[in-house]
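So this one's input08.tsv, TSV, C-alpha atoms:
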chain	number	residue	atom	x	y	z
K	1070	LYS	CA	1.53	43.48	-10.28
K	1071	PHE	CA	1.05	44.47	-13.93
K	1072	GLN	CA	2.35	41.13	-15.12
K	1073	ARG	CA	0.12	39.20	-12.74
K	1074	GLU	CA	-2.93	41.14	-13.91
K	1075	LYS	CA	-2.07	40.41	-17.56
K	1076	GLY	CA	-1.31	36.75	-16.91
K	1077	LEU	CA	2.31	37.20	-17.96
K	1078	PHE	CA	4.05	36.46	-14.68
K	1079	ARG	CA	7.25	34.39	-14.73
K	1080	ASP	CA	9.09	33.67	-11.53
K	1081	PHE	CA	11.98	31.31	-10.78
K	1082	ARG	CA	11.92	30.49	-7.06
K	1083	TYR	CA	13.33	27.58	-5.13
K	1084	GLY	CA	13.20	25.09	-7.98
K	1085	THR	CA	9.78	26.10	-9.28
K	1086	PHE	CA	8.81	28.12	-12.33
K	1087	LEU	CA	5.52	29.86	-11.70
K	1088	SER	CA	3.26	30.89	-14.54
K	1089	SER	CA	-0.13	32.29	-13.61
K	1090	THR	CA	-1.99	35.41	-12.60
K	1091	THR	CA	-1.77	34.31	-8.98
K	1092	ALA	CA	1.71	32.78	-9.19
K	1093	ASP	CA	0.81	29.93	-6.86
K	1094	GLU	CA	2.83	26.75	-6.47
K	1095	THR	CA	0.24	24.55	-8.22
K	1096	SER	CA	0.36	26.23	-11.61
K	1097	VAL	CA	3.61	24.84	-12.96
K	1098	ALA	CA	3.80	24.01	-16.66
K	1099	GLN	CA	4.20	20.35	-17.56
K	1100	LEU	CA	6.45	18.69	-20.10
K	1101	PRO	CA	4.77	17.07	-23.12
K	1102	SER	CA	3.79	13.49	-22.42
K	1103	VAL	CA	4.60	12.39	-25.96
K	1104	PHE	CA	8.18	11.60	-27.00
K	1105	PRO	CA	7.75	9.84	-30.35
K	1106	LEU	CA	11.16	8.12	-30.52
K	1107	GLU	CA	11.67	7.25	-26.87
K	1108	GLY	CA	13.12	3.75	-26.57
K	1109	LYS	CA	13.36	3.33	-30.34
K	1110	ALA	CA	16.18	3.24	-32.88
K	1111	PRO	CA	15.65	6.40	-34.99
K	1112	ALA	CA	17.38	4.90	-38.04
K	1113	LYS	CA	14.73	2.18	-38.17
K	1114	GLU	CA	11.77	4.53	-37.76
K	1115	PRO	CA	9.91	6.59	-40.39
K	1116	PRO	CA	12.04	9.71	-40.94
K	1117	ARG	CA	10.88	12.95	-39.39
K	1118	MET	CA	13.13	15.53	-41.04
K	1119	ARG	CA	13.09	18.99	-39.51
K	1120	PHE	CA	14.32	22.19	-41.08
K	1121	ALA	CA	14.69	24.94	-38.50
K	1122	PRO	CA	15.56	28.40	-39.85
K	1123	SER	CA	16.04	31.47	-37.67
K	1124	PRO	CA	14.13	34.58	-38.80
K	1125	THR	CA	17.21	36.80	-38.85
K	1126	GLY	CA	17.33	37.44	-42.59
K	1127	SER	CA	16.64	35.86	-45.96
K	1128	LEU	CA	16.90	32.16	-46.70
K	1129	HIS	CA	20.53	31.28	-47.43
K	1130	VAL	CA	21.43	28.97	-50.30
K	1131	GLY	CA	22.98	26.56	-47.80
K	1132	GLY	CA	19.72	26.51	-45.88
K	1133	ALA	CA	17.79	25.83	-49.07
K	1134	ARG	CA	20.14	22.91	-49.78
K	1135	THR	CA	19.56	21.45	-46.31
K	1136	ALA	CA	15.80	21.92	-46.65
K	1137	LEU	CA	15.85	20.14	-50.03
K	1138	TYR	CA	17.71	17.11	-48.67
K	1139	ASN	CA	15.41	16.88	-45.66
K	1140	TRP	CA	12.33	17.24	-47.86
K	1141	LEU	CA	13.55	14.45	-50.17
K	1142	ALA	CA	14.31	12.13	-47.23
K	1143	ALA	CA	10.89	12.81	-45.72
K	1144	LYS	CA	9.08	12.15	-49.01
K	1145	LYS	CA	10.97	8.90	-49.51
K	1146	GLY	CA	10.04	7.94	-45.96
K	1147	GLN	CA	6.39	8.59	-46.68
K	1148	LEU	CA	6.63	6.22	-49.65
K	1149	ASP	CA	8.51	3.57	-47.66
K	1150	PHE	CA	6.27	3.88	-44.59
K	1151	PRO	CA	2.77	4.71	-45.89
K	1152	GLY	CA	0.39	5.97	-43.22
K	1153	SER	CA	3.23	6.69	-40.78
K	1154	ASN	CA	4.27	9.96	-39.14
K	1155	ALA	CA	7.14	10.47	-41.59
K	1156	ALA	CA	7.19	14.20	-42.28
K	1157	PHE	CA	9.06	17.27	-43.36
K	1158	VAL	CA	8.78	19.50	-40.29
K	1159	LEU	CA	9.36	23.24	-40.36
K	1160	ARG	CA	10.34	24.77	-37.02
K	1161	ILE	CA	11.05	28.46	-36.54
K	1162	GLU	CA	13.93	29.01	-34.11
K	1163	ASP	CA	13.31	32.59	-33.04
K	1164	THR	CA	14.90	32.69	-29.58
K	1165	ASP	CA	17.64	35.07	-30.76
K	1166	VAL	CA	15.69	38.13	-29.70
K	1167	ALA	CA	18.54	40.51	-30.49
K	1168	ARG	CA	18.74	39.49	-34.16
K	1169	SER	CA	15.26	38.17	-34.89
K	1170	THR	CA	13.23	40.37	-37.21
K	1171	ARG	CA	10.08	38.36	-36.83
K	1172	GLY	CA	8.81	41.22	-34.74
K	1173	LYS	CA	8.78	39.75	-31.29
K	1174	ARG	CA	10.10	42.09	-28.65
K	1175	ILE	CA	10.94	40.90	-25.19
K	1176	GLN	CA	10.89	43.07	-22.12
K	1177	LEU	CA	12.47	41.74	-18.96
K	1178	TYR	CA	11.64	42.79	-15.45
K	1179	ARG	CA	14.18	40.98	-13.27
K	1180	TYR	CA	13.06	37.34	-13.75
K	1181	ARG	CA	9.59	38.02	-15.06
K	1182	LEU	CA	9.18	37.70	-18.78
K	1183	THR	CA	6.70	39.74	-20.81
K	1184	ARG	CA	6.25	39.31	-24.53
K	1185	LEU	CA	4.92	42.12	-26.67
K	1186	LYS	CA	4.06	41.06	-30.19
K	1187	THR	CA	4.22	43.40	-33.14
K	1188	ARG	CA	2.97	42.94	-36.64
K	1189	SER	CA	6.35	42.75	-38.34
K	1190	THR	CA	7.03	39.21	-39.62
K	1191	GLU	CA	9.33	40.14	-42.48
K	1192	SER	CA	12.12	37.55	-42.22
K	1193	GLU	CA	9.90	34.65	-41.28
K	1194	GLN	CA	7.47	35.37	-44.10
K	1195	SER	CA	10.37	35.76	-46.51
K	1196	VAL	CA	11.76	32.34	-45.59
K	1197	LEU	CA	8.35	30.68	-45.82
K	1198	ALA	CA	7.71	32.28	-49.21
K	1199	ASP	CA	11.10	31.11	-50.52
K	1200	LEU	CA	10.45	27.52	-49.42
K	1201	GLU	CA	7.04	27.57	-51.07
K	1202	TRP	CA	8.56	28.99	-54.28
K	1203	LEU	CA	11.04	26.09	-54.25
K	1204	GLY	CA	8.14	23.65	-53.84
K	1205	LEU	CA	9.39	22.52	-50.42
K	1206	THR	CA	6.02	22.48	-48.69
K	1207	TRP	CA	6.04	21.25	-45.11
K	1208	ASP	CA	3.85	18.59	-43.51
K	1209	GLU	CA	4.02	20.18	-40.05
K	1210	GLY	CA	4.92	23.73	-39.09
K	1211	PRO	CA	3.57	27.29	-39.05
K	1212	GLY	CA	0.18	27.42	-40.71
K	1213	VAL	CA	-0.11	23.62	-40.83
K	1214	ASN	CA	-1.71	21.66	-38.01
K	1215	GLY	CA	0.47	18.98	-36.47
K	1216	PRO	CA	0.54	16.82	-33.33
K	1217	TYR	CA	3.77	18.28	-31.91
K	1218	GLY	CA	3.14	22.02	-32.15
K	1219	PRO	CA	3.48	24.86	-31.63
K	1220	TYR	CA	6.30	25.07	-34.14
K	1221	ARG	CA	7.78	28.45	-33.19
K	1222	GLN	CA	10.23	28.32	-30.30
K	1223	SER	CA	8.97	31.67	-29.02
K	1224	GLU	CA	5.61	29.97	-28.45
K	1225	ARG	CA	7.11	27.00	-26.57
K	1226	SER	CA	8.63	28.81	-23.59
K	1227	GLU	CA	6.44	26.95	-21.09
K	1228	ILE	CA	7.93	23.67	-22.31
K	1229	TYR	CA	11.51	24.91	-21.84
K	1230	PHE	CA	10.71	26.23	-18.37
K	1231	ALA	CA	9.18	22.87	-17.43
K	1232	ALA	CA	12.23	21.01	-18.78
K	1233	ALA	CA	14.58	23.26	-16.80
K	1234	GLN	CA	12.46	22.78	-13.71
K	1235	ARG	CA	12.65	19.00	-14.04
K	1236	LEU	CA	16.44	19.17	-14.40
K	1237	LEU	CA	16.66	21.34	-11.27
K	1238	GLN	CA	14.46	18.98	-9.30
K	1239	ASP	CA	16.46	15.95	-10.46
K	1240	GLY	CA	19.75	17.59	-9.46
K	1241	LYS	CA	20.92	17.75	-13.09
K	1242	ALA	CA	20.97	21.55	-13.26
K	1243	TYR	CA	21.70	24.36	-10.82
K	1244	ARG	CA	21.59	28.12	-10.38
K	1245	CYS	CA	24.73	30.11	-11.05
K	1246	PHE	CA	25.01	33.60	-9.54
K	1247	CYS	CA	28.35	34.55	-11.13
K	1248	THR	CA	28.49	38.11	-12.41
K	1249	ASN	CA	29.82	39.02	-15.83
K	1250	GLU	CA	32.92	40.44	-14.16
K	1251	GLU	CA	33.57	37.18	-12.34
K	1252	LEU	CA	33.16	35.19	-15.54
K	1253	GLU	CA	35.53	37.49	-17.43
K	1254	GLN	CA	38.13	37.18	-14.69
K	1255	MET	CA	37.72	33.40	-14.72
K	1256	LYS	CA	38.27	33.33	-18.47
K	1257	ALA	CA	41.35	35.58	-18.28
K	1258	GLU	CA	42.97	33.44	-15.57
K	1259	GLN	CA	42.36	30.23	-17.53
K	1260	GLU	CA	43.80	31.71	-20.73
K	1261	ALA	CA	46.83	32.96	-18.79
K	1262	ARG	CA	47.45	29.36	-17.68
K	1263	GLY	CA	47.10	28.15	-21.28
K	1264	GLU	CA	43.77	26.45	-20.60
K	1265	ASP	CA	40.65	26.43	-22.75
K	1266	PRO	CA	38.12	28.81	-21.13
K	1267	ARG	CA	35.13	27.14	-19.49
K	1268	TYR	CA	33.00	27.63	-16.42
K	1269	ASP	CA	34.76	26.29	-13.32
K	1270	GLY	CA	31.59	25.10	-11.56
K	1271	ARG	CA	31.91	27.31	-8.47
K	1272	TRP	CA	28.12	27.28	-7.89
K	1273	ARG	CA	27.74	23.62	-8.85
K	1274	ASP	CA	27.65	22.28	-5.29
K	1275	ALA	CA	26.23	25.30	-3.48
K	1276	THR	CA	23.97	24.53	-0.54
K	1277	ALA	CA	20.27	25.35	-0.53
K	1278	ASP	CA	20.91	28.03	2.09
K	1279	GLN	CA	23.53	29.71	-0.11
K	1280	VAL	CA	21.21	29.68	-3.12
K	1281	ASN	CA	18.18	30.90	-1.18
K	1282	LYS	CA	20.19	33.73	0.38
K	1283	MET	CA	21.19	35.03	-3.06
K	1284	MET	CA	17.65	34.69	-4.36
K	1285	ASP	CA	16.21	36.51	-1.37
K	1286	GLN	CA	18.60	39.36	-2.20
K	1287	GLY	CA	17.25	39.45	-5.76
K	1288	LYS	CA	20.57	38.47	-7.33
K	1289	PRO	CA	20.34	37.51	-11.03
K	1290	TYR	CA	21.31	33.99	-12.00
K	1291	THR	CA	21.49	31.60	-14.89
K	1292	ILE	CA	20.46	27.94	-14.97
K	1293	ARG	CA	23.39	25.66	-15.86
K	1294	PHE	CA	23.39	22.00	-16.82
K	1295	LYS	CA	25.43	19.84	-14.46
K	1296	VAL	CA	27.67	17.87	-16.83
K	1297	PRO	CA	28.48	14.55	-15.09
K	1298	GLU	CA	32.12	14.20	-14.11
K	1299	ASN	CA	34.37	11.98	-16.26
K	1300	THR	CA	31.72	11.76	-18.95
K	1301	ARG	CA	32.51	10.85	-22.53
K	1302	VAL	CA	29.82	11.35	-25.15
K	1303	VAL	CA	29.77	8.73	-27.90
K	1304	ILE	CA	27.47	8.89	-30.91
K	1305	GLU	CA	27.15	6.89	-34.10
K	1306	ASP	CA	27.09	9.38	-36.96
K	1307	VAL	CA	25.67	8.20	-40.28
K	1308	ILE	CA	28.45	9.96	-42.20
K	1309	ARG	CA	31.45	10.02	-39.85
K	1310	GLY	CA	30.88	6.79	-37.95
K	1311	THR	CA	31.70	6.70	-34.24
K	1312	VAL	CA	32.35	10.16	-32.82
K	1313	SER	CA	33.25	10.83	-29.18
K	1314	TRP	CA	34.51	13.62	-26.94
K	1315	ASP	CA	35.17	14.43	-23.29
K	1316	ALA	CA	32.09	16.43	-22.32
K	1317	GLU	CA	33.43	17.79	-19.04
K	1318	ALA	CA	36.70	19.02	-20.53
K	1319	THR	CA	35.18	20.32	-23.76
K	1320	ILE	CA	32.09	22.25	-22.73
K	1321	GLY	CA	31.84	22.38	-18.95
K	1322	ASP	CA	28.54	23.23	-17.24
K	1323	PHE	CA	26.78	25.14	-20.00
K	1324	ILE	CA	23.87	27.58	-19.64
K	1325	LEU	CA	20.27	26.48	-20.24
K	1326	LEU	CA	18.42	29.66	-19.25
K	1327	ARG	CA	20.00	33.09	-19.35
K	1328	SER	CA	19.71	35.46	-16.39
K	1329	THR	CA	16.97	37.21	-18.38
K	1330	GLY	CA	14.91	34.02	-18.35
K	1331	VAL	CA	15.36	33.45	-22.10
K	1332	PRO	CA	16.38	29.86	-22.96
K	1333	VAL	CA	19.51	29.35	-25.07
K	1334	TYR	CA	19.38	27.81	-28.52
K	1335	ASN	CA	21.20	24.59	-27.63
K	1336	PHE	CA	18.67	23.86	-24.88
K	1337	CYS	CA	15.64	24.64	-27.02
K	1338	VAL	CA	16.75	22.51	-29.95
K	1339	ALA	CA	17.42	19.48	-27.76
K	1340	VAL	CA	14.03	19.73	-26.06
K	1341	ASP	CA	12.26	20.26	-29.39
K	1342	ASP	CA	13.97	17.36	-31.15
K	1343	ALA	CA	13.15	15.02	-28.27
K	1344	SER	CA	9.53	16.05	-28.04

Show me this structure written as structure tokens.
Amino acid sequence: KFQREKGLFRDFRYGTFLSSTTADETSVAQLPSVFPLEGKAPAKEPPRMRFAPSPTGSLHVGGARTALYNWLAAKKGQLDFPGSNAAFVLRIEDTDVARSTRGKRIQLYRYRLTRLKTRSTESEQSVLADLEWLGLTWDEGPGVNGPYGPYRQSERSEIYFAAAQRLLQDGKAYRCFCTNEELEQMKAEQEARGEDPRYDGRWRDATADQVNKMMDQGKPYTIRFKVPENTRVVIEDVIRGTVSWDAEATIGDFILLRSTGVPVYNFCVAVDDAS
């Protein structure tokens, strides 16, 4: 009731993420309609170079090196493609709520997510100040208007919920009700057989009745990506050339949203880079 009154209600029910004071079925967040590189060859497009630090401490020298290279590539792109959307983009990846010192606390009431902001922004401000001292000013990011904001992941939760919802509706993701004890036992049994630990997909093909029964009982769950069977991922890396791996055997059905409702880093970064 408190969360509904404050407009902070989050509910995951039967394939729908609700976000409103009334929590009705019509108030579902939508994915961004703009995907700037959809259907294009990125290597032939004006470079949009993103640097994405996490506010968990001071800027590391390795991070400064990466930021410098990205800044140089973006500036060269702006010279090569005048008037284009070539840019050095700064994105703050602050979904690690346990380690982030940006000052954002998260309280979780079952599946409803409430954010309580505080004034502390020490690590984020430190990183921004270091980049400015180095002269690596950003074209898009915190404090700078841009067409693809907001640029803090903690402010983009509606987008991640909408992406997860679409994957659920398309049958590309599913709810997993495994407890921590079950997952630990699964891992121990796999290691005893000399196998690499990974989720065995026991909730992958659960029926709607099985899922709804668990949800009606208030059981916590995660949202997992359904990795297609016999899938091999192949990418063309600028440095290493052709790189490939067996996705099913390597990673299994990985988590997109934790049981707390907080999206995992790998999910956020993929959604952000695409959009």

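The spacing separating atom CA of K:Val1333 from atom CA of K:Leu1205 amounts to 28.1 Å.
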
Practice problem: Find the residues around stretch 1314-1329 of chain K up to 8 Å (all atoms listed in the file counted), leave out those fewer than 4 positions away in its own chain, and share them as a list in words. | Solution: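 What passes the distance filter is Leu1177, Arg1179, Tyr1180, Leu1182, Ala1233, Arg1267, Tyr1268, Asp1269, Gly1270, Pro1289, Tyr1290, Thr1291, Ile1292, Arg1293, Phe1294, Lys1295, Val1296, Pro1297, Glu1298, Asn1299, Thr1300, Arg1301, Val1302, Val1303, Val1333, Asn1335 and Phe1336 of chain K.
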
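Note that the spacing between atom CA of K:Leu1237 and atom CA of K:Val1312 amounts to 28.9 Å.
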
Quiz item: Of the candidates K:Phe1150, K:Tyr1220, K:Tyr1229, K:Trp1202, which shows the shortest atom-to-atom distance to K:Phe1120, using all atoms listed in the file?
Solution: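 Of K:Phe1150, K:Tyr1220, K:Tyr1229, K:Trp1202, the one nearest K:Phe1120 is K:Tyr1220, counting all atoms listed in the file.
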
Practice problem: Name all residues at most 12 Å from K:Thr1135 (count only C-alpha atoms; drop same-chain ones fewer than 5 positions away) and give them as a ChimeraX atom specification. | Solution: /K:1118-1122,1128-1130,1140-1142,1157,1159,1200,1205

Practice problem: Tell me which of K:Arg1235, K:Asp1341, K:Ala1133, K:Met1284 sits closest to K:Gly1204, counting all atoms listed in the file. | Solution: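 Residue with the minimum atom-to-atom distance to K:Gly1204: K:Ala1133.
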
Quiz prompt | Interatomic distance, atom CA of K:Gly1263 to atom CA of K:Glu1250 (Å, one decimal) | solution =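 Answer for the atom CA of K:Gly1263 to atom CA of K:Glu1250 separation: 20.1 Å.
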
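Of the listed residues (K:Ala1242, K:Ala1198, K:Val1307, K:Cys1247), K:Cys1247 comes nearest to K:Lys1288; the distances count only C-alpha atoms.
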